[in-house]
file input-v4.tsv (TSV, C-alpha atoms)
chain	number	residue	atom	x	y	z
X	986	MET	CA	0.00	0.00	0.00
X	987	LEU	CA	1.17	3.52	-0.74
X	988	PRO	CA	2.12	5.42	2.42
X	989	ILE	CA	-0.39	7.99	3.68
X	990	ASP	CA	1.36	11.35	3.67
X	991	HIS	CA	-1.34	13.33	5.47
X	992	ILE	CA	-5.03	13.71	6.20
X	993	GLY	CA	-6.58	17.07	5.35
X	994	ALA	CA	-9.25	18.80	7.43
X	995	ALA	CA	-11.22	21.87	6.30
X	996	VAL	CA	-11.59	24.54	8.99
X	997	HIS	CA	-13.05	28.03	9.22
X	998	ASP	CA	-10.26	29.27	11.53
X	999	ASP	CA	-7.00	27.34	11.93
X	1000	ARG	CA	-6.37	29.05	15.28
X	1001	VAL	CA	-9.34	27.16	16.75
X	1002	MET	CA	-7.91	23.87	15.49
X	1003	GLU	CA	-4.49	24.81	16.87
X	1004	SER	CA	-5.97	25.33	20.32
X	1005	LEU	CA	-7.90	22.05	20.07
X	1006	LEU	CA	-4.89	19.98	19.03
X	1007	LYS	CA	-2.76	21.42	21.80
X	1008	LYS	CA	-5.35	20.11	24.26
X	1009	LEU	CA	-5.96	16.79	22.52
X	1010	ALA	CA	-2.48	15.80	21.40
X	1011	ASN	CA	-0.04	18.40	22.76
X	1012	SER	CA	0.79	19.16	19.14
X	1013	ALA	CA	2.01	22.47	17.73
X	1014	PRO	CA	1.61	23.33	14.04
X	1015	SER	CA	4.11	24.28	11.40
X	1016	LEU	CA	4.18	27.87	10.26
X	1017	PRO	CA	1.19	28.74	8.06
X	1018	GLU	CA	1.66	28.63	4.30
X	1019	ASP	CA	-0.63	30.54	1.96
X	1020	ILE	CA	-1.25	28.90	-1.40
X	1021	ASP	CA	-2.67	31.81	-3.36
X	1022	ALA	CA	-3.44	29.77	-6.47
X	1023	GLN	CA	-5.87	27.66	-4.42
X	1024	GLY	CA	-7.01	30.42	-2.09
X	1025	ILE	CA	-6.13	28.53	1.09
X	1026	ARG	CA	-3.88	28.68	4.14
X	1027	VAL	CA	-2.44	25.37	5.32
X	1028	ARG	CA	-0.70	24.15	8.45
X	1029	PHE	CA	0.70	20.72	9.25
X	1030	TYR	CA	0.73	18.89	12.58
X	1031	GLY	CA	2.73	15.89	13.74
X	1032	ASP	CA	5.43	13.64	12.30
X	1033	GLY	CA	5.07	10.75	9.93
X	1034	THR	CA	1.46	10.81	8.76
X	1035	LYS	CA	0.49	14.44	9.35
X	1036	LEU	CA	-2.73	16.34	9.84
X	1037	GLU	CA	-3.16	19.25	7.44
X	1038	THR	CA	-5.62	22.05	8.13
X	1039	LEU	CA	-7.04	24.03	5.21
X	1040	GLN	CA	-8.51	27.46	5.87
X	1041	PRO	CA	-10.04	29.41	2.96
X	1042	LEU	CA	-8.58	32.82	2.17
X	1043	ASN	CA	-11.51	33.90	0.03
X	1044	ALA	CA	-15.09	32.90	-0.65
X	1045	ASP	CA	-14.28	31.60	-4.14
X	1046	SER	CA	-11.86	28.86	-3.07
X	1047	THR	CA	-12.86	25.21	-3.31
X	1048	VAL	CA	-12.33	24.83	0.44
X	1049	ALA	CA	-14.76	27.71	1.10
X	1050	ARG	CA	-17.36	25.99	-1.07
X	1051	PHE	CA	-16.66	22.70	0.72
X	1052	LEU	CA	-17.24	24.36	4.10
X	1053	SER	CA	-20.49	26.00	2.99
X	1054	LYS	CA	-21.79	22.66	1.78
X	1055	ARG	CA	-20.44	20.17	4.32
X	1056	GLY	CA	-19.06	22.18	7.23
X	1057	GLU	CA	-15.79	21.56	9.01
X	1058	GLY	CA	-14.23	18.12	9.04
X	1059	LEU	CA	-12.36	15.58	6.92
X	1060	HIS	CA	-11.49	17.07	3.53
X	1061	HIS	CA	-9.13	14.57	1.87
X	1062	ILE	CA	-6.65	11.73	2.29
X	1063	ALA	CA	-3.24	12.13	0.62
X	1064	PHE	CA	-0.99	9.29	-0.50
X	1065	ARG	CA	2.73	9.86	-1.03
X	1066	VAL	CA	4.24	8.82	-4.37
X	1067	ALA	CA	7.69	9.08	-5.93
X	1068	ASN	CA	6.41	10.45	-9.26
X	1069	ALA	CA	3.14	12.39	-9.32
X	1070	GLN	CA	2.96	12.63	-13.11
X	1071	ALA	CA	3.39	8.89	-13.57
X	1072	GLN	CA	0.79	8.21	-10.86
X	1073	LEU	CA	-1.69	10.58	-12.52
X	1074	GLU	CA	-1.27	8.78	-15.83
X	1075	ARG	CA	-1.79	5.40	-14.11
X	1076	MET	CA	-4.94	6.63	-12.39
X	1077	ARG	CA	-6.35	8.04	-15.64
X	1078	ALA	CA	-5.59	4.77	-17.45
X	1079	ALA	CA	-7.38	2.90	-14.66
X	1080	GLY	CA	-10.57	4.92	-15.23
X	1081	PHE	CA	-10.27	7.57	-12.51
X	1082	GLN	CA	-10.81	11.25	-13.27
X	1083	PRO	CA	-8.03	13.58	-12.08
X	1084	LEU	CA	-9.30	17.04	-11.23
X	1085	THR	CA	-6.39	18.71	-13.07
X	1086	GLU	CA	-4.72	17.91	-16.37
X	1087	ASN	CA	-1.32	17.59	-14.69
X	1088	PRO	CA	0.06	17.76	-11.13
X	1089	ILE	CA	0.07	21.25	-9.64
X	1090	PRO	CA	2.22	22.93	-6.95
X	1091	GLY	CA	1.03	22.22	-3.41
X	1092	ALA	CA	2.19	23.00	0.11
X	1093	ASN	CA	5.83	22.46	1.13
X	1094	GLY	CA	6.93	22.44	-2.50
X	1095	LYS	CA	5.09	19.22	-3.30
X	1096	LEU	CA	3.54	18.27	-6.62
X	1097	ILE	CA	-0.06	17.18	-6.11
X	1098	PHE	CA	-3.24	16.14	-7.87
X	1099	PHE	CA	-6.69	15.01	-6.76
X	1100	LEU	CA	-9.16	12.42	-8.02
X	1101	HIS	CA	-12.85	13.17	-8.43
X	1102	PRO	CA	-14.60	11.83	-5.29
X	1103	ARG	CA	-17.35	10.16	-7.33
X	1104	ASP	CA	-14.73	7.59	-8.34
X	1105	THR	CA	-13.45	7.04	-4.78
X	1106	CYS	CA	-16.55	6.33	-2.67
X	1107	GLY	CA	-17.14	10.02	-2.01
X	1108	ILE	CA	-13.68	10.58	-0.48
X	1109	LEU	CA	-11.43	13.23	-2.02
X	1110	VAL	CA	-8.10	11.50	-2.68
X	1111	GLU	CA	-4.84	13.36	-3.21
X	1112	PHE	CA	-1.49	12.08	-4.43
X	1113	CYS	CA	1.60	14.11	-3.56
X	1114	GLN	CA	5.24	13.93	-4.56
X	1115	PRO	CA	7.67	15.18	-1.88
X	1116	ASN	CA	9.92	18.09	-2.73
X	1117	LYS	CA	12.94	16.20	-1.36
X	1118	GLN	CA	13.91	12.99	-3.08
X	1119	TYR	CA	17.16	11.11	-2.69
X	1120	ALA	CA	18.92	9.18	-5.41
X	1121	VAL	CA	19.87	5.75	-4.09
X	1122	ARG	CA	21.44	2.72	-5.67
X	1123	PHE	CA	20.53	-0.68	-4.26
X	1124	GLU	CA	22.74	-3.74	-4.51
X	1125	SER	CA	21.21	-7.19	-4.10
X	1126	CYS	CA	18.29	-6.24	-1.89
X	1127	ASN	CA	15.10	-6.11	-3.95
X	1128	GLU	CA	12.68	-6.18	-1.03
X	1129	LEU	CA	14.37	-3.26	0.68
X	1130	GLU	CA	14.53	-1.35	-2.61
X	1131	GLN	CA	10.77	-1.67	-3.08
X	1132	ARG	CA	10.16	-0.58	0.50
X	1133	MET	CA	12.36	2.49	0.04
X	1134	LEU	CA	10.77	3.47	-3.26
X	1135	SER	CA	7.29	3.14	-1.77
X	1136	THR	CA	8.04	5.92	0.70
X	1137	GLY	CA	7.98	8.35	-2.21
X	1138	HIS	CA	11.24	9.95	-1.07
X	1139	CYS	CA	13.79	7.71	-2.79
X	1140	ILE	CA	14.40	7.34	-6.51
X	1141	PRO	CA	16.70	4.83	-8.23
X	1142	CYS	CA	19.73	6.31	-9.94
X	1143	ASP	CA	22.91	4.90	-11.47
X	1144	GLU	CA	25.00	7.93	-10.54
X	1145	THR	CA	23.97	8.15	-6.96
X	1146	PRO	CA	24.98	9.95	-3.78
X	1147	GLY	CA	23.96	6.94	-1.68
X	1148	HIS	CA	24.34	3.17	-1.72
X	1149	VAL	CA	22.49	0.46	0.16
X	1150	VAL	CA	24.53	-2.72	-0.05
X	1151	SER	CA	23.57	-6.17	1.15
X	1152	GLY	CA	25.92	-8.16	-1.03
X	1153	GLY	CA	28.51	-7.73	-3.75
X	1154	PRO	CA	31.28	-5.14	-3.84
X	1155	VAL	CA	31.31	-2.04	-1.69
X	1156	PRO	CA	31.15	1.07	-3.93
X	1157	GLU	CA	34.31	3.14	-4.16
X	1158	LYS	CA	32.62	6.53	-3.71
X	1159	CYS	CA	29.18	7.64	-2.63
X	1160	ARG	CA	27.52	10.14	-0.37
X	1161	SER	CA	26.45	7.65	2.29
X	1162	LEU	CA	27.04	3.95	2.56
X	1163	VAL	CA	24.69	1.46	4.17
X	1164	LEU	CA	25.92	-2.06	4.77
X	1165	HIS	CA	22.60	-3.73	5.39
X	1166	ASN	CA	22.56	-7.35	6.51
X	1167	ALA	CA	26.12	-7.52	5.21
X	1168	SER	CA	28.58	-10.22	6.14
X	1169	SER	CA	31.84	-9.59	7.98
X	1170	LYS	CA	33.66	-10.62	4.81
X	1171	LEU	CA	32.05	-7.70	2.99
X	1172	SER	CA	33.03	-5.19	5.66
X	1173	ARG	CA	36.67	-6.30	5.84
X	1174	GLY	CA	37.56	-4.64	2.53
X	1175	LYS	CA	39.20	-1.24	2.37
X	1176	PRO	CA	37.19	0.77	-0.16
X	1177	ASP	CA	37.41	4.52	-0.61
X	1178	ALA	CA	34.19	4.90	1.35
X	1179	PRO	CA	32.63	8.22	2.35
X	1180	SER	CA	33.95	9.82	5.50
X	1181	VAL	CA	30.68	9.45	7.43
X	1182	PRO	CA	28.69	6.52	6.10
X	1183	VAL	CA	25.70	5.02	7.82
X	1184	LEU	CA	26.31	1.44	8.88
X	1185	ILE	CA	23.33	-0.79	9.55
X	1186	SER	CA	23.55	-3.95	11.58
X	1187	GLU	CA	20.89	-6.34	12.79
X	1188	ALA	CA	23.06	-7.52	15.63
X	1189	SER	CA	23.75	-5.92	18.98
X	1190	PHE	CA	26.47	-3.33	19.46
X	1191	ALA	CA	28.48	-5.99	21.27
X	1192	SER	CA	28.46	-8.43	18.32
X	1193	THR	CA	31.59	-9.25	16.35
X	1194	HIS	CA	29.96	-7.92	13.17
X	1195	ALA	CA	29.13	-4.56	14.76
X	1196	GLN	CA	32.63	-4.24	16.18
X	1197	THR	CA	34.11	-5.01	12.75
X	1198	LEU	CA	32.01	-2.28	11.16
X	1199	GLN	CA	33.00	0.28	13.77
X	1200	ALA	CA	36.68	-0.63	13.41
X	1201	GLN	CA	36.53	-0.29	9.62
X	1202	TRP	CA	34.63	3.01	9.67
X	1203	PRO	CA	35.27	4.67	13.05
X	1204	LYS	CA	33.53	7.92	12.03
X	1205	ALA	CA	30.38	6.17	10.91
X	1206	GLU	CA	27.00	6.34	12.56
X	1207	LEU	CA	26.25	2.74	13.49
X	1208	VAL	CA	22.53	2.01	13.63
X	1209	ILE	CA	21.33	-1.20	15.27
X	1210	LEU	CA	17.93	-2.43	14.07
X	1211	PRO	CA	15.92	-5.18	15.74
X	1212	GLU	CA	16.16	-8.48	13.94
X	1213	ASN	CA	13.63	-8.98	11.11
X	1214	SER	CA	12.40	-5.37	11.27
X	1215	GLN	CA	14.98	-3.74	9.01
X	1216	HIS	CA	12.70	-3.38	5.99
X	1217	LYS	CA	10.17	-1.49	8.08
X	1218	LEU	CA	12.54	0.74	10.04
X	1219	LEU	CA	15.42	1.40	7.64
X	1220	PRO	CA	13.60	3.84	5.28
X	1221	THR	CA	12.88	6.23	8.15
X	1222	VAL	CA	16.43	5.95	9.47
X	1223	LEU	CA	17.91	6.78	6.08
X	1224	LEU	CA	15.52	9.62	5.27
X	1225	ASP	CA	16.32	11.26	8.61
X	1226	PHE	CA	20.03	10.82	8.01
X	1227	TRP	CA	20.02	12.27	4.48
X	1228	SER	CA	17.87	15.16	5.63
X	1229	SER	CA	20.35	15.90	8.44
X	1230	LEU	CA	23.19	16.03	5.89
X	1231	GLU	CA	21.30	18.64	3.88
X	1232	ASN	CA	20.39	20.70	6.93
X	1233	GLY	CA	23.72	20.40	8.69
call {"tool": "encode", "arguments": {"input": "input-v4.tsv", "output": "structure tokens"}}
result
Amino acid sequence: MLPIDHIGAAVHDDRVMESLLKKLANSAPSLPEDIDAQGIRVRFYGDGTKLETLQPLNADSTVARFLSKRGEGLHHIAFRVANAQAQLERMRAAGFQPLTENPIPGANGKLIFFLHPRDTCGILVEFCQPNKQYAVRFESCNELEQRMLSTGHCIPCDETPGHVVSGGPVPEKCRSLVLHNASSKLSRGKPDAPSVPVLISEASFASTHAQTLQAQWPKAELVILPENSQHKLLPTVLLDFWSSLENG
């Protein structure tokens, strides 16, 4: 299943929702962003799957018309995709009606499009492409590759700043190196690896494998993941790491 990026709620006054969510969930919003082309002001709450509030800026906006017809409440559900244009073409080919000819700019620099709710059981469905995507090359780990691509943040690329390796040779140069489920034999080489790779191990910090990794790359950030949960947890770990490199 595609990951849910956020759930949108239409509100008359986002300050009322801000006060409510502070009481309900001790959650503070992002700074407001006005999207003039759509006549709305949006704010996001939370991490992971977010809550988005949509407040109309004028009486002609679609959100204003939604509020006059249905009142405040759930407005849409948004799925995250790696390529909004390709997803729009797939949805059109499958018989759905996109509400725009092509994806349009949305909040936070995303590319977005909506499907007509008559095709989706009366629920307005949005697809959004994140503004930050990371080129990653995967070596011998198809299941992990599919999991990473499904987040909508990672795109495959031959000339890549990052590698995720679970077998085969360690790349000579890349932006960040992940040795995922890699044997000690793999880690004993001496490649021209990046100065601060990310090293992933499914063993404890005290294991021989973990110690070998730390000895080979002493400046690395060693991340220990619980056994059999790496495919679920690794995408978040890597996205956070790459984002920290950009913001650092």
call {"tool": "atom_distance", "arguments": {"input": "input-v4.tsv", "atom1": "atom CA of X:Val1001", "atom2": "atom CA of X:Ile989"}}
result
24.9 Å
call {"tool": "closest_residue", "arguments": {"input": "input-v4.tsv", "among": "X:Asn1087, X:Ser1046, X:Gln1215, X:Gln1114", "to": "X:Asp990", "atoms": "all atoms listed in the file"}}
result
X:Gln1114
call {"tool": "closest_residue", "arguments": {"input": "input-v4.tsv", "among": "X:Gly1033, X:Gly1094, X:Gly1056, X:Pro1203", "to": "X:Ile1020", "atoms": "all atoms listed in the file"}}
result
X:Gly1094
call {"tool": "closest_atom_pairs", "arguments": {"input": "input-v4.tsv", "of": "stretch 1040-1150 of chain X", "to": "stretch 1178-1201 of chain X", "cutoff": "12 Å", "atoms": "only C-alpha atoms", "output": "JSON lines"}}
result
{"residue": "X:Pro1146", "atom": "CA", "partner": "X:Pro1179", "partner_atom": "CA", "distance": 10.0}
{"residue": "X:Gly1147", "atom": "CA", "partner": "X:Pro1182", "partner_atom": "CA", "distance": 9.1}
{"residue": "X:His1148", "atom": "CA", "partner": "X:Pro1182", "partner_atom": "CA", "distance": 9.6}
{"residue": "X:Val1149", "atom": "CA", "partner": "X:Val1183", "partner_atom": "CA", "distance": 9.5}
{"residue": "X:Val1150", "atom": "CA", "partner": "X:Ile1185", "partner_atom": "CA", "distance": 9.9}
call {"tool": "residues_around", "arguments": {"input": "input-v4.tsv", "residues": "X:Pro1041", "least_positions_apart": "2", "cutoff": "9 Å", "atoms": "all atoms listed in the file", "output": "ChimeraX atom specification"}}
result
/X:995-998,1023-1027,1039,1043-1049,1052
call {"tool": "closest_residue", "arguments": {"input": "input-v4.tsv", "among": "X:His1165, X:Lys1007, X:Arg1160, X:His1138", "to": "X:Lys1095", "atoms": "only C-alpha atoms"}}
result
X:His1138
call {"tool": "atom_distance", "arguments": {"input": "input-v4.tsv", "atom1": "atom CA of X:Val1208", "atom2": "atom CA of X:Ser1161"}}
result
13.3 Å
call {"tool": "build_atoms", "arguments": {"input": "input-v4.tsv", "residues": "stretch 1192-1203 of chain X", "atoms": "all heavy atoms", "output": "compact mmCIF listing (two decimals), in the frame of the given file"}}
result
# COMPACT_ATOMS: atom_id res chain seq x y z
N SER X 1192 28.17 -7.30 19.22
CA SER X 1192 28.46 -8.43 18.32
C SER X 1192 29.76 -8.21 17.58
O SER X 1192 30.24 -7.08 17.40
CB SER X 1192 27.32 -8.60 17.32
OG SER X 1192 27.34 -7.54 16.38
N THR X 1193 30.34 -9.32 17.12
CA THR X 1193 31.59 -9.25 16.35
C THR X 1193 31.39 -8.44 15.08
O THR X 1193 32.25 -7.64 14.68
CB THR X 1193 32.07 -10.66 16.00
OG1 THR X 1193 32.28 -11.40 17.21
CG2 THR X 1193 33.37 -10.61 15.20
N HIS X 1194 30.24 -8.63 14.42
CA HIS X 1194 29.96 -7.92 13.17
C HIS X 1194 29.92 -6.41 13.41
O HIS X 1194 30.52 -5.63 12.67
CB HIS X 1194 28.64 -8.39 12.58
CG HIS X 1194 28.23 -7.68 11.34
ND1 HIS X 1194 29.07 -7.50 10.26
CD2 HIS X 1194 27.05 -7.09 10.99
CE1 HIS X 1194 28.43 -6.85 9.30
NE2 HIS X 1194 27.21 -6.58 9.72
N ALA X 1195 29.22 -5.99 14.46
CA ALA X 1195 29.13 -4.56 14.76
C ALA X 1195 30.49 -3.97 15.08
O ALA X 1195 30.83 -2.87 14.65
CB ALA X 1195 28.16 -4.33 15.92
N GLN X 1196 31.29 -4.72 15.83
CA GLN X 1196 32.63 -4.24 16.18
C GLN X 1196 33.51 -4.12 14.94
O GLN X 1196 34.32 -3.19 14.82
CB GLN X 1196 33.26 -5.19 17.21
CG GLN X 1196 32.58 -5.13 18.57
CD GLN X 1196 33.11 -6.18 19.53
OE1 GLN X 1196 33.97 -6.98 19.18
NE2 GLN X 1196 32.58 -6.18 20.74
N THR X 1197 33.36 -5.07 14.00
CA THR X 1197 34.11 -5.01 12.75
C THR X 1197 33.75 -3.76 11.95
O THR X 1197 34.61 -3.07 11.41
CB THR X 1197 33.85 -6.27 11.91
OG1 THR X 1197 34.24 -7.42 12.65
CG2 THR X 1197 34.63 -6.21 10.60
N LEU X 1198 32.46 -3.46 11.88
CA LEU X 1198 32.01 -2.28 11.16
C LEU X 1198 32.57 -1.00 11.78
O LEU X 1198 33.04 -0.11 11.08
CB LEU X 1198 30.48 -2.22 11.15
CG LEU X 1198 29.74 -3.31 10.38
CD1 LEU X 1198 28.23 -3.11 10.51
CD2 LEU X 1198 30.14 -3.32 8.91
N GLN X 1199 32.51 -0.92 13.09
CA GLN X 1199 33.00 0.28 13.77
C GLN X 1199 34.51 0.43 13.61
O GLN X 1199 35.02 1.55 13.53
CB GLN X 1199 32.62 0.22 15.24
CG GLN X 1199 31.13 0.46 15.48
CD GLN X 1199 30.78 0.53 16.95
OE1 GLN X 1199 31.13 -0.36 17.72
NE2 GLN X 1199 30.09 1.58 17.35
N ALA X 1200 35.23 -0.70 13.59
CA ALA X 1200 36.68 -0.63 13.41
C ALA X 1200 37.03 -0.18 12.00
O ALA X 1200 37.99 0.57 11.79
CB ALA X 1200 37.31 -1.98 13.71
N GLN X 1201 36.25 -0.64 11.01
CA GLN X 1201 36.53 -0.29 9.62
C GLN X 1201 36.19 1.17 9.31
O GLN X 1201 36.91 1.85 8.59
CB GLN X 1201 35.72 -1.21 8.69
CG GLN X 1201 35.95 -0.98 7.20
CD GLN X 1201 37.37 -1.36 6.78
OE1 GLN X 1201 37.85 -2.42 7.13
NE2 GLN X 1201 38.03 -0.46 6.05
N TRP X 1202 35.08 1.64 9.91
CA TRP X 1202 34.63 3.01 9.67
C TRP X 1202 34.38 3.69 11.02
O TRP X 1202 33.25 3.84 11.46
CB TRP X 1202 33.36 3.02 8.83
CG TRP X 1202 33.61 2.63 7.40
CD1 TRP X 1202 34.22 3.39 6.45
CD2 TRP X 1202 33.28 1.39 6.78
NE1 TRP X 1202 34.26 2.71 5.26
CE2 TRP X 1202 33.71 1.48 5.43
CE3 TRP X 1202 32.67 0.22 7.22
CZ2 TRP X 1202 33.54 0.43 4.52
CZ3 TRP X 1202 32.50 -0.82 6.32
CH2 TRP X 1202 32.94 -0.71 5.00
N PRO X 1203 35.42 4.13 11.70
CA PRO X 1203 35.27 4.67 13.05
C PRO X 1203 34.44 5.95 13.13
O PRO X 1203 33.90 6.26 14.19
CB PRO X 1203 36.72 4.93 13.50
CG PRO X 1203 37.50 5.04 12.23
CD PRO X 1203 36.84 4.11 11.27
